[in-house]
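> Pasting start-v5.cif below, which is mmCIF, C-alpha atoms.
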data_final
#
loop_
_atom_site.label_atom_id
_atom_site.label_comp_id
_atom_site.auth_asym_id
_atom_site.auth_seq_id
_atom_site.Cartn_x
_atom_site.Cartn_y
_atom_site.Cartn_z
CA MET A 1294 8.19 44.92 98.44
CA MET A 1295 9.07 48.64 97.92
CA LEU A 1296 7.32 50.51 95.13
CA LYS A 1297 9.28 52.92 92.96
CA LYS A 1298 8.20 56.54 93.34
CA PRO A 1299 6.53 58.06 90.27
CA VAL A 1300 8.57 60.52 88.29
CA SER A 1301 7.82 64.10 89.41
CA TYR A 1302 7.07 67.07 87.18
CA LEU A 1303 10.39 68.60 88.19
CA ALA A 1304 12.24 65.47 87.15
CA ALA A 1305 10.43 65.45 83.83
CA LEU A 1306 11.27 69.09 83.27
CA ALA A 1307 14.89 68.27 84.04
CA ILE A 1308 14.73 65.61 81.32
CA CYS A 1309 13.43 68.25 78.89
CA ALA A 1310 16.19 70.64 79.85
CA ALA A 1311 18.82 67.96 79.46
CA ALA A 1312 17.39 66.98 76.10
CA PHE A 1313 17.52 70.49 74.73
CA ALA A 1314 20.93 71.06 76.27
CA THR A 1315 22.33 68.48 73.87
CA SER A 1316 22.00 71.12 71.18
CA ALA A 1317 25.27 72.49 72.56
CA ASN A 1318 26.86 69.77 70.42
CA ALA A 1319 25.26 71.41 67.43
CA ALA A 1320 26.23 71.10 63.83
CA THR A 1321 27.70 73.98 61.81
CA ILE A 1322 25.28 75.91 59.62
CA ASN A 1323 26.28 77.96 56.58
CA SER A 1324 24.47 81.00 55.20
CA ASP A 1325 25.23 83.51 52.48
CA ILE A 1326 23.93 86.69 54.10
CA PRO A 1327 22.97 89.84 52.14
CA VAL A 1328 24.15 92.81 54.19
CA ALA A 1329 23.72 96.58 54.11
CA GLY A 1330 24.94 99.43 56.27
CA THR A 1331 27.39 102.32 56.32
CA PHE A 1332 30.97 103.19 55.35
CA ASP A 1333 32.94 106.21 56.57
CA ALA A 1334 36.37 107.49 55.57
CA SER A 1335 38.23 110.68 54.78
CA LEU A 1336 40.51 110.94 51.75
CA GLY A 1337 43.95 112.54 51.65
CA GLY A 1338 47.47 111.63 50.63
CA GLY A 1339 50.53 112.77 48.78
CA GLY A 1340 53.40 111.75 46.55
CA SER A 1341 55.68 113.11 43.87
CA ALA A 1342 55.78 114.01 40.19
CA ASN A 1343 58.98 112.66 38.70
CA ILE A 1344 60.22 114.29 35.51
CA ILE A 1345 62.25 111.86 33.42
CA SER A 1346 63.12 114.10 30.48
CA GLY A 1347 61.92 117.20 28.70
CA SER A 1348 62.72 119.17 25.58
CA GLY A 1349 61.18 121.72 23.28
CA ASN A 1350 61.59 124.90 21.29
CA PHE A 1351 60.95 128.57 21.96
CA LYS A 1352 60.62 130.96 18.98
CA GLN A 1353 61.95 134.44 19.65
CA TRP A 1354 61.06 137.15 17.14
CA ILE A 1355 64.06 139.34 16.27
CA LEU A 1356 63.64 142.13 13.70
CA PHE A 1357 62.37 140.23 10.65
CA GLY A 1358 62.27 136.59 11.75
CA HIS A 1359 62.16 133.96 14.48
CA VAL A 1360 65.18 132.59 16.28
CA ASN A 1361 64.76 129.16 17.78
CA VAL A 1362 65.79 128.83 21.41
CA GLY A 1363 66.14 125.42 23.04
CA VAL A 1364 63.85 124.38 25.87
CA SER A 1365 64.60 121.59 28.34
CA ALA A 1366 63.10 120.08 31.47
CA PRO A 1367 65.88 118.51 33.55
CA ALA A 1368 65.21 115.36 35.53
CA GLN A 1369 63.57 116.40 38.78
CA SER A 1370 61.06 115.41 41.40
CA VAL A 1371 58.42 117.73 42.81
CA ALA A 1372 55.93 117.19 45.59
CA MET A 1373 52.24 116.39 45.20
CA ASN A 1374 49.62 116.62 47.90
CA ILE A 1375 45.95 115.73 48.13
CA PRO A 1376 43.84 118.13 50.22
CA THR A 1377 41.63 116.21 52.67
CA VAL A 1378 38.13 115.36 51.48
CA ASN A 1379 35.34 114.28 53.86
CA PRO A 1380 32.56 112.75 51.76
CA GLY A 1381 30.36 111.87 54.76
CA THR A 1382 28.68 108.56 55.52
CA MET A 1383 28.21 106.33 52.48
CA ALA A 1384 25.90 103.38 51.88
CA ALA A 1385 27.62 99.99 51.92
CA SER A 1386 26.17 96.67 50.79
CA GLY A 1387 27.18 93.18 49.75
CA ASN A 1388 27.27 89.56 50.93
CA VAL A 1389 28.98 87.69 53.75
CA ASP A 1390 29.20 83.89 53.69
CA MET A 1391 29.39 82.71 57.30
CA ASP A 1392 29.52 79.43 59.22
CA TYR A 1393 28.01 79.38 62.71
CA ASP A 1394 26.56 76.83 65.12
CA ASN A 1395 22.87 76.15 65.61
CA VAL A 1396 22.83 77.02 69.28
CA THR A 1397 20.77 80.18 69.58
CA PRO A 1398 21.81 82.87 68.74
CA GLY A 1399 24.27 81.09 66.42
CA THR A 1400 27.86 81.78 67.39
CA PRO A 1401 29.97 82.87 64.36
CA GLN A 1402 32.73 80.39 63.53
CA THR A 1403 34.18 81.28 60.12
CA LEU A 1404 33.76 83.97 57.49
CA ASN A 1405 34.22 82.09 54.24
CA SER A 1406 33.90 85.11 51.94
CA VAL A 1407 33.17 88.83 52.14
CA ASN A 1408 32.19 90.95 49.14
CA LEU A 1409 31.32 94.58 49.79
CA ASP A 1410 30.57 97.69 47.74
CA LEU A 1411 31.66 100.25 50.31
CA ASN A 1412 30.72 103.61 48.82
CA GLY A 1413 27.43 102.69 47.13
CA GLY A 1414 26.26 105.50 44.84
CA THR A 1415 28.48 108.18 46.41
CA ASN A 1416 31.29 109.61 44.28
CA ILE A 1417 34.30 111.18 45.99
CA PRO A 1418 35.82 114.10 44.03
CA PHE A 1419 39.36 115.15 44.89
CA ALA A 1420 42.26 117.21 43.55
CA ILE A 1421 46.00 116.55 43.48
CA ASN A 1422 48.16 119.66 43.73
CA VAL A 1423 51.53 119.41 41.96
CA ALA A 1424 54.40 121.79 42.72
CA PRO A 1425 55.68 123.78 39.68
CA ILE A 1426 58.10 121.91 37.40
CA ALA A 1427 61.05 123.93 36.11
CA ILE A 1428 61.27 124.44 32.34
CA GLU A 1429 64.61 125.93 31.18
CA ILE A 1430 64.52 128.28 28.21
CA ALA A 1431 68.08 128.99 27.06
CA GLY A 1432 69.09 132.57 27.55
CA PHE A 1433 65.98 133.39 29.56
CA ALA A 1434 64.73 132.83 33.09
CA ASN A 1435 63.04 129.50 33.73
CA ALA A 1436 59.35 129.03 33.05
CA ASN A 1437 57.17 126.53 34.95
CA LEU A 1438 55.04 123.58 33.95
CA VAL A 1439 52.08 123.44 36.34
CA LEU A 1440 50.03 120.24 36.38
CA SER A 1441 46.49 120.09 37.76
CA ILE A 1442 44.79 116.79 38.55
CA ASN A 1443 41.07 116.60 39.17
CA ALA A 1444 39.57 113.18 39.69
CA THR A 1445 36.68 111.27 41.22
CA ILE A 1446 36.57 107.94 43.02
CA THR A 1447 33.47 106.28 41.62
CA ASP A 1448 33.69 102.88 43.30
CA ILE A 1449 35.35 101.24 46.33
CA ASP A 1450 35.00 97.45 46.56
CA PHE A 1451 36.42 94.72 48.77
CA ASN A 1452 36.46 91.10 47.59
CA SER A 1453 37.94 88.39 49.78
CA THR A 1454 40.50 85.93 48.48
CA GLY A 1455 40.17 83.56 51.43
CA GLY A 1456 38.35 82.98 54.69
CA SER A 1457 39.02 83.83 58.31
CA PRO A 1458 38.09 82.19 61.60
CA VAL A 1459 36.08 84.25 64.06
CA LEU A 1460 38.10 84.20 67.27
CA GLY A 1461 36.43 84.79 70.62
CA GLY A 1462 32.92 83.45 70.10
CA ASN A 1463 29.97 85.76 69.61
CA GLY A 1464 31.42 89.23 69.16
CA GLY A 1465 34.69 87.68 68.06
CA VAL A 1466 37.27 89.14 65.70
CA TYR A 1467 38.17 88.19 62.13
CA ASP A 1468 40.79 89.31 59.59
CA VAL A 1469 39.70 88.44 56.05
CA PRO A 1470 42.37 88.50 53.30
CA GLY A 1471 41.36 90.03 50.01
CA GLU A 1472 41.70 92.81 47.47
CA PHE A 1473 40.45 96.37 47.40
CA SER A 1474 39.60 97.95 44.08
CA VAL A 1475 39.20 101.70 43.65
CA ALA A 1476 37.83 103.08 40.37
CA LEU A 1477 39.13 106.52 39.29
CA ASN A 1478 37.92 108.91 36.62
CA GLY A 1479 39.36 112.32 35.82
CA SER A 1480 42.01 114.21 33.91
CA VAL A 1481 45.45 115.81 34.12
CA THR A 1482 45.77 119.29 32.63
CA GLY A 1483 48.82 121.50 32.26
CA THR A 1484 49.80 125.16 31.98
CA ILE A 1485 53.15 126.79 31.14
CA THR A 1486 53.56 129.81 33.39
CA ASN A 1487 56.09 132.64 33.78
CA LEU A 1488 57.05 132.72 30.11
CA PRO A 1489 59.74 135.33 29.34
CA LEU A 1490 59.19 138.67 27.61
CA GLY A 1491 55.87 139.08 29.38
CA LEU A 1492 54.24 136.39 27.23
CA GLY A 1493 52.11 135.17 30.10
CA ASN A 1494 50.86 131.59 30.22
CA ILE A 1495 50.14 128.80 27.73
CA ASN A 1496 47.25 126.44 28.48
CA LEU A 1497 48.28 122.94 27.40
CA GLY A 1498 44.81 121.48 27.93
CA GLU A 1499 44.30 117.84 28.91
CA LEU A 1500 47.55 115.85 29.00
CA ALA A 1501 46.21 112.54 30.26
CA ALA A 1502 42.85 110.95 31.06
CA LEU A 1503 42.16 108.97 34.22
CA ASN A 1504 39.95 105.97 33.68
CA ASP A 1505 41.42 103.19 35.72
CA THR A 1506 40.71 100.76 38.54
CA LEU A 1507 43.47 100.45 41.13
CA THR A 1508 43.57 96.97 42.67
CA PHE A 1509 45.79 96.08 45.64
CA PRO A 1510 45.88 93.37 48.33
CA ALA A 1511 44.77 94.24 51.86
CA ASN A 1512 43.01 92.55 54.77
CA LEU A 1513 39.62 93.52 56.15
CA PRO A 1514 39.51 93.15 59.95
CA GLY A 1515 36.33 93.35 62.00
CA ILE A 1516 34.02 92.03 64.68
CA ALA A 1517 31.20 89.52 63.99
CA THR A 1518 28.16 89.49 66.27
CA THR A 1519 24.87 87.59 66.09
CA SER A 1520 21.64 88.14 68.02
CA ASP A 1521 18.07 86.84 68.05
CA ILE A 1522 15.54 89.25 66.59
CA GLY A 1523 12.47 87.06 65.97
CA PRO A 1524 9.57 87.02 68.44
CA GLY A 1525 8.42 83.90 70.25
CA ALA A 1526 10.12 80.61 70.85
CA PHE A 1527 13.22 79.26 69.20
CA PRO A 1528 13.81 78.86 66.25
CA HIS A 1529 13.45 82.34 64.76
CA ASP A 1530 15.32 85.03 62.83
CA MET A 1531 18.89 86.05 63.63
CA LEU A 1532 20.68 89.35 62.98
CA ALA A 1533 24.31 89.09 61.85
CA ASN A 1534 26.42 92.25 62.26
CA PHE A 1535 29.92 92.94 60.93
CA ALA A 1536 31.77 96.03 62.18
CA ALA A 1537 35.18 97.46 61.32
CA LEU A 1538 38.23 96.94 63.49
CA LEU A 1539 40.68 99.03 61.44
CA THR A 1540 43.50 100.75 63.31
CA GLU A 1541 45.49 101.79 60.22
CA PRO A 1542 44.47 103.77 57.12
CA ILE A 1543 43.81 102.07 53.79
CA GLU A 1544 46.54 103.18 51.38
CA VAL A 1545 45.70 103.21 47.67
CA PRO A 1546 48.83 103.22 45.44
CA PHE A 1547 48.45 105.52 42.45
CA ASP A 1548 50.86 105.54 39.49
CA LEU A 1549 50.27 107.40 36.24
CA PRO A 1550 52.68 108.10 33.33
CA ILE A 1551 52.40 111.56 31.76
CA VAL A 1552 53.55 112.24 28.21
CA VAL A 1553 53.45 115.81 26.89
CA ASN A 1554 53.97 116.10 23.14
CA GLU A 1555 52.61 119.48 22.08
CA SER A 1556 53.18 121.90 19.20
CA TYR A 1557 52.01 125.51 19.04
CA SER A 1558 51.76 128.09 16.29
CA VAL A 1559 53.74 131.26 16.92
CA PRO A 1560 52.67 134.16 14.61
CA ASN A 1561 55.10 136.54 12.96
CA ARG A 1562 56.30 139.42 15.11
CA GLN A 1563 55.52 137.41 18.23
CA SER A 1564 57.62 135.17 20.49
CA GLY A 1565 56.40 132.02 22.15
CA LEU A 1566 56.73 128.31 22.90
CA SER A 1567 56.43 126.29 19.70
CA SER A 1568 56.94 122.76 21.04
CA LEU A 1569 57.24 120.90 24.31
CA ASN A 1570 57.97 117.23 25.02
CA VAL A 1571 57.98 115.92 28.58
CA ASN A 1572 58.05 112.37 29.94
CA ALA A 1573 56.99 112.17 33.57
CA ASN A 1574 55.45 109.88 36.12
CA LEU A 1575 52.98 110.74 38.86
CA ALA A 1576 53.42 108.49 41.89
CA ALA A 1577 51.13 109.09 44.85
CA THR A 1578 49.32 107.31 47.63
CA LEU A 1579 45.64 108.02 48.14
CA THR A 1580 44.99 107.48 51.83
CA LEU A 1581 41.60 106.55 53.29
CA ASN A 1582 41.77 107.65 56.92
CA ASP A 1583 39.44 106.97 59.87
CA VAL A 1584 37.91 104.04 58.04
CA GLY A 1585 34.80 102.46 59.52
CA TYR A 1586 32.10 100.15 58.23
CA ASN A 1587 29.08 98.58 59.89
CA VAL A 1588 26.89 96.20 57.91
CA SER A 1589 24.13 93.83 59.03
CA GLY A 1590 21.91 91.16 57.52
CA THR A 1591 19.00 88.99 58.60
CA VAL A 1592 19.27 85.21 58.56
CA PRO A 1593 15.70 83.83 58.56
CA GLN A 1594 14.87 80.90 60.85
CA VAL A 1595 17.98 78.86 60.31
CA LEU A 1596 18.67 78.01 63.94
CA VAL A 1597 17.02 74.61 64.41
CA PRO A 1598 17.71 71.93 67.04
CA GLU A 1599 19.41 68.74 65.91
CA PRO A 1600 17.07 65.79 65.10
CA SER A 1601 18.29 63.85 68.17
CA THR A 1602 17.46 66.83 70.37
CA LEU A 1603 13.98 67.07 68.90
CA ALA A 1604 13.43 63.35 69.50
CA MET A 1605 14.57 63.48 73.11
CA GLY A 1606 12.53 66.59 73.76
CA SER A 1607 9.45 64.95 72.28
CA LEU A 1608 9.92 61.87 74.49
CA ALA A 1609 10.22 64.08 77.54
CA MET A 1610 7.04 65.93 76.65
CA VAL A 1611 5.22 62.62 76.16
CA GLY A 1612 6.44 61.59 79.59
CA LEU A 1613 5.00 64.73 81.09
CA ALA A 1614 1.67 64.10 79.40
CA LEU A 1615 1.50 60.50 80.62
CA LEU A 1616 2.40 61.59 84.12
CA GLY A 1617 -0.47 64.05 84.09
CA VAL A 1618 -2.95 61.35 82.93
CA ARG A 1619 -1.69 59.00 85.59
CA ARG A 1620 -2.22 61.55 88.35
CA ARG A 1621 -5.73 62.39 87.17
CA ARG A 1622 -6.67 58.68 87.25
CA SER A 1623 -5.25 58.15 90.73
CA ALA A 1624 -7.19 61.14 91.97
#
Could you show the structure in this file as structure tokens?

Amino acid sequence: MMLKKPVSYLAALAICAAAFATSANAATINSDIPVAGTFDASLGGGGSANIISGSGNFKQWILFGHVNVGVSAPAQSVAMNIPTVNPGTMAASGNVDMDYDNVTPGTPQTLNSVNLDLNGGTNIPFAINVAPIAIEIAGFANANLVLSINATITDIDFNSTGGSPVLGGNGGVYDVPGEFSVALNGSVTGTITNLPLGLGNINLGELAALNDTLTFPANLPGIATTSDIGPGAFPHDMLANFAALLTEPIEVPFDLPIVVNESYSVPNRQSGLSSLNVNANLAATLTLNDVGYNVSGTVPQVLVPEPSTLAMGSLAMVGLALLGVRRRRSA
């Protein structure tokens, strides 16, 4: 009768390897990952100031009294431009909810939600230059209404409205739908220039305050990568990294109505503007160019083998132990 050969160490090790290989059929794990990193962009843009209507009154002193002269601002459109601002690298932070498998190092599968504060505590001041707006004073050469806009972006956020699959495995791409919100603070001031009769300029002061949050839909594309960072044997910590894959600028639509309704005192023996009424609209696009973000977060010890894998691995290790006892006895 032939005796069966005892199982070798190599065979037992093969059993262990096969047992742990079953983790390739791993379950999906979900983690809400706090992330932090950097955000870079330059700010520029342009648009137009559209004058809807304008009217007013100019008091001209003649001998012993004032003569009222009509003032009007015909419908017109003038250019606006935003000189480029480079605020430097800003601190970004937030949370990314991600599904991934439990095969080390945890291949990303789906980004369920992404919520990021992109500029952190950095404010971005900027100016909008507006071309002079013609003001017609009957019987005289035109004067100009010059608007100055000084503002600051105090917050840039992205909040997803849906999820996105990660295509391509570890280091795969995603395109998360959502909304950007950009908070603005600042003011619009005005000056009447080139007044006739050498009267110089009239400072109109603040015409409108900026205190608004501009919200608009836009996708956030990027690359998701995971890697093991913990020492020793599996399971251990994982690093999840999310980096920008933006080929186009982020365009922030900006729309602000301007209403000028001013009256001025003109003393005797002097000429000057006594009233001005203008309805206008500022329509511009703030453009974030060369946009890049790179945020990472640690996922602590979430990559664990499936229970069936642990059981099979344990059986294989027991087999190795028994084989060792058997050989010591036969020796």
> Once the PyMOL selection byres ((chain A and resi 1462-1479) around 7) has been evaluated on this model, what residues remain selected, and can you format them as an mmCIF file with C-alpha atoms, in the coordinates of the input?

data_model
loop_
_atom_site.group_PDB
_atom_site.id
_atom_site.type_symbol
_atom_site.label_atom_id
_atom_site.label_comp_id
_atom_site.auth_asym_id
_atom_site.auth_seq_id
_atom_site.Cartn_x
_atom_site.Cartn_y
_atom_site.Cartn_z
ATOM 1 C CA THR A 1400 27.860 81.780 67.390
ATOM 2 C CA PRO A 1401 29.970 82.870 64.360
ATOM 3 C CA ASN A 1443 41.070 116.600 39.170
ATOM 4 C CA ALA A 1444 39.570 113.180 39.690
ATOM 5 C CA THR A 1445 36.680 111.270 41.220
ATOM 6 C CA ILE A 1446 36.570 107.940 43.020
ATOM 7 C CA THR A 1447 33.470 106.280 41.620
ATOM 8 C CA ASP A 1448 33.690 102.880 43.300
ATOM 9 C CA ILE A 1449 35.350 101.240 46.330
ATOM 10 C CA ASP A 1450 35.000 97.450 46.560
ATOM 11 C CA PHE A 1451 36.420 94.720 48.770
ATOM 12 C CA ASN A 1452 36.460 91.100 47.590
ATOM 13 C CA SER A 1453 37.940 88.390 49.780
ATOM 14 C CA THR A 1454 40.500 85.930 48.480
ATOM 15 C CA GLY A 1455 40.170 83.560 51.430
ATOM 16 C CA GLY A 1456 38.350 82.980 54.690
ATOM 17 C CA SER A 1457 39.020 83.830 58.310
ATOM 18 C CA PRO A 1458 38.090 82.190 61.600
ATOM 19 C CA VAL A 1459 36.080 84.250 64.060
ATOM 20 C CA LEU A 1460 38.100 84.200 67.270
ATOM 21 C CA GLY A 1461 36.430 84.790 70.620
ATOM 22 C CA SER A 1480 42.010 114.210 33.910
ATOM 23 C CA ALA A 1502 42.850 110.950 31.060
ATOM 24 C CA LEU A 1503 42.160 108.970 34.220
ATOM 25 C CA ASN A 1504 39.950 105.970 33.680
ATOM 26 C CA ASP A 1505 41.420 103.190 35.720
ATOM 27 C CA THR A 1506 40.710 100.760 38.540
ATOM 28 C CA LEU A 1507 43.470 100.450 41.130
ATOM 29 C CA THR A 1508 43.570 96.970 42.670
ATOM 30 C CA PHE A 1509 45.790 96.080 45.640
ATOM 31 C CA PRO A 1510 45.880 93.370 48.330
ATOM 32 C CA ALA A 1511 44.770 94.240 51.860
ATOM 33 C CA ASN A 1512 43.010 92.550 54.770
ATOM 34 C CA LEU A 1513 39.620 93.520 56.150
ATOM 35 C CA PRO A 1514 39.510 93.150 59.950
ATOM 36 C CA GLY A 1515 36.330 93.350 62.000
ATOM 37 C CA ILE A 1516 34.020 92.030 64.680
ATOM 38 C CA ALA A 1517 31.200 89.520 63.990
ATOM 39 C CA THR A 1518 28.160 89.490 66.270
ATOM 40 C CA THR A 1519 24.870 87.590 66.090
#
> Selected by the PyMOL selection byres ((chain A and resi 1420) around 10) in the shown coordinates: which residues, as a ChimeraX atom specification?
/A:1337,1374-1378,1418-1419,1421-1423,1441-1445,1479
> List as a list in words: which residues have an atom within 8 Å of (58.3, 114.8, 28.3), counting all atoms listed in the file?
Ile1344, Ile1345, Ser1346, Gly1347, Ser1348, Ala1366, Ile1551, Val1552, Val1553, Asn1554, Leu1569, Asn1570, Val1571, Asn1572 and Ala1573 of chain A
> Just give me the gap between atom CA of A:Pro1327 and atom CA of A:Asn1416 in Å, one decimal is fine.
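The value is 22.8 Å.
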> For atom CA of A:Thr1382 and atom CA of A:Gly1340, quote the distance in Å rounded to one decimal.
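That distance, rounded to one decimal, is 26.5 Å.
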> Closest to A:Leu1581 among A:Ile1430, A:Leu1532, A:Val1439, A:Ala1334, using only C-alpha atoms?
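Of A:Ile1430, A:Leu1532, A:Val1439, A:Ala1334, the one nearest A:Leu1581 is A:Ala1334, counting only C-alpha atoms.
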> So how many Å separate atom CA of A:Asn1388 and atom CA of A:Thr1578, to one decimal?
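So the two atoms, atom CA of A:Asn1388 and atom CA of A:Thr1578, lie 28.5 Å apart.
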> When you count all atoms listed in the file, which of these residues is closest to A:Ala1342: A:Ala1576, A:Leu1500, A:Met1383, A:Val1389?
A:Ala1576
> For A:Asp1392, which residue out of A:Ser1324, A:Thr1540, A:Asn1561, A:Ser1567 is the nearest one, using all atoms listed in the file?
A:Ser1324
